[in-house]
Amino acid sequence: MKSGEIRTSFFKFFEEKDHQFVRSSPVVPNDDPTLLFTNAGMNQFKPIFLDQTIPENSRAVNSQKCIRVSGKHNDLEEVGVDTFHHTFFEMLGNWSFGDYYKKEAIQWAWELFTDVWGLDKDRLWATVYEDDDEAFNLWTEVTDISPSRVLRCGKKDNFWEMGETGPCGPCSEIHYYVGDEPENQKASGVNVSHEYWELWNLVFIQNNRKEDGTIEDLPAKHVDTGAGLERIVAVLQGKNSNYDTDLFLPIIKKIESISGKDYLDDPIPFRVIADHIRMLCFSIADGGLPSNDGRGYVIRRILRRAARFGRTIGLTDPFLFDLVQTVGEIMGETFSEVLKIQPHIEKVIQAEETSFNQTLDRGINHFDKMIDTLDGKEISGSDAFKLYDTYGFPLDLTQLMARERELTVDEKGFNVAMAEQKKKAKEAGKFKVGTTTTEWVIVSEGKDSDFLGYESLESESKIRRYVIQDDQILVVLDQTPFYAESGGQVGDIGTISGDGIDLKVLDVKKENNSFIHICTGAIDKTGTATCQVDGPRRQSTMNNHTAAHLFYKAIKTILGDHVNQAGSFVHPDYFRFDITHFEKITSDQIREIELKVNEQILLNTKLDVTIKSYDDAKTSGAEALFGEKYGDLVRVVRVGDYSLELCGGTHVKRTGDIGSFKITEESSLSSGVRRIVAVTGQKAVEEMQSNASVLQALQQILTIPRSGIKERVSGLIKEKKKLEKQLKQKSVNKSLDIDLMDDSVIVEGFQLIVKKISLNSLDELKELGDQLFNKISKGIGVLFMVGKEKPSAVVVVSKDLNKTGIIAGALANEIGGFMGGGGGGKPHLATAGGKNNDDIDSAMEQTMTYLTKILKG
């Protein structure tokens, strides 16, 4: 069976047993601040296990995209070295939410493995928790497994817990012997030998771990199972390695084609790259981007790790982006997002590869030099941090290179250096579980948060519960006209009033399916209350949200289909829209976008809002945001024949309600992502009036017609630059009146100049450096300058010394370090910068000693 057929047969088996298919949630979880990446199939069902939501269906089946690269599930160092660990994998799972329990879970797992997929029963083993007599007995009662193949194991292997507190329970694992000697199988090999593969974990969630460590029974019992698709495919395809299956081999064949090397000659780099490119494709497809913080830094680490492994098989130019299409061909039928935004994924990876390649060679050279002078078998934390900070080497890449030389790295020292340079508390806090619990005052029972706000801005509502926290009151209602912040749209504000209730609503947040109204004021009684949304503010928000839809269609039309939404924020005063695009959007393109959007506003088209199944909506061509999680039923917003999107936000009745549209900002957010800010309605009119006032003022100052302003201002700027250049040249000439060679010394026949110069700018210093380079026939010169805030230096190296490996850029980096900074540049001329002007004199002394040593060497 091919991998796609195996996946489909899993779904079909459980759908025939009344399970509802649930799409995989994104690997970049937008609704769970405790996770960097989705790392298990249960993540999207966590609110059900925590009794925060009621499931739509009591039985579910899916294949969840998972990424595991950190925390207790970090197997990064094993990836590629063994044949079954991965950073990205699929977790097949079936679920029961208070429905069937152990008997059916065990019986169906055995039925699928042995009757449907035909696995050899004499190679299968089952483990249960040591105290779970029920599961132990069921294995021999409802299956025909040999009783000797059912083993009791301890808490480490067979008791699952969500966290230190919360839902937990025993589990039963199914293992498969993949060795070549089935007649010599032993129970002692299970959970110990790599010849016994864990294929499926059946978790029976029946307990709750309390704060004091004791456990109690849950009112409802659940089943949560997870089976790694990659391992199952390997077993069913008769392979001893996941990498030899059709999930990986096409990628490996592509790497062979690009590199000209044979996989079997050196398999580890091929496996690592094949694994990492899958992780990169899916994390970027679901909205992740390489960066220096949080999950973005994890993506950057994995990409750089893959690029470095490429070097070991001769791939020195960017190549990872060439593998994206192959991943799409393998996975695209099930996960269409990889195909849909393939150009975006390729461009992000290529840009990141190109950037890293520029520093990788220099970093490897620095690493080699560092090893040559190493005293002992451990690389210091400060050296490892320098590789990270200067050359972009993630710690695990340095550790990998160190292991290849049989060395270790001082990880604690690295972490200390990292903490000193950059306080990450804010970012790290985003991914921690909250420690406080909210003690709600329950006022009335029943369903809550029925949203009325699409049709009405006011309602008579009952308070379901409330809590007073510091100076705020949090309120949940049975029904509400207030929109809760989601999908990039801000929450509504307004009032909640009644007998003994006088509340000002400052914001509304969504927690699972409940709308939390964040208020100030007083609540003495808890009867029925009148809710009133701030109408003008909501109207402005709706104007901006509908305009955002029109804008998205317009920008895709003008810039191309590679454009995808990478984020948005809809506020009453403006909307902000991030798109995937690798070039600055020109003023002509902005003008075209504004024209198209305003054309749609003038048409005054009526919006058509319908509820459809997700599949029907996608078939009809509706745009879905990548990385967004959608239910089975979705809200579809259509603007005539122009725009069709899935959206749960609030919108105008007709496009004419928007009034007008104007883009106010266009900027770069990160590599491959542009940010646009725009306004509508009255704000757009104010923006246009402001622009007109500026033009009128310029016209009066310059005393020329409006049509001549651009040419006149350009002329003035050119004239200003010319005068600045003349002034700069005078300053440089004045400095040259001092013979720069006066203070030179001769070291081993080479000229060495280290001097402090008084100049006005770094540009002047560079220009003086050019002059110095022309004067030095054979040697090194360094000119220091006191800046307005920080010191600078220019370093020049004669070309004959360049040929011996003495490079100005490397010298500048060291010299910058003497001033608490860094530096870099070209082989013959580079610049360095520091942090404190007071460091210059000391830096000059260190520079003289450092360069003298180099020249003597």
# chains A, B, ... in the order shown; residues from 1 in each chain; ligands from 1
$ select_by_dssp --residues "range 333-560 of chain A" --states "strand (DSSP E)" --output "number ranges by chain"
A: 378-379, 408-409, 441-442, 450-451, 458-469, 472-477, 479-480, 494-498, 501-511, 514-523, 528-533
$ closest_residue --among "A:Ala285, A:Val467, A:Leu595, A:Leu92" --to "Val28 in chain A" --atoms "only C-alpha atoms"
A:Ala285
$ select_by_dssp --residues "range 465-666 of chain A" --states "alpha helix (DSSP H)" --output "PyMOL selection string"
chain A and resi 535-559+587-603+614-619
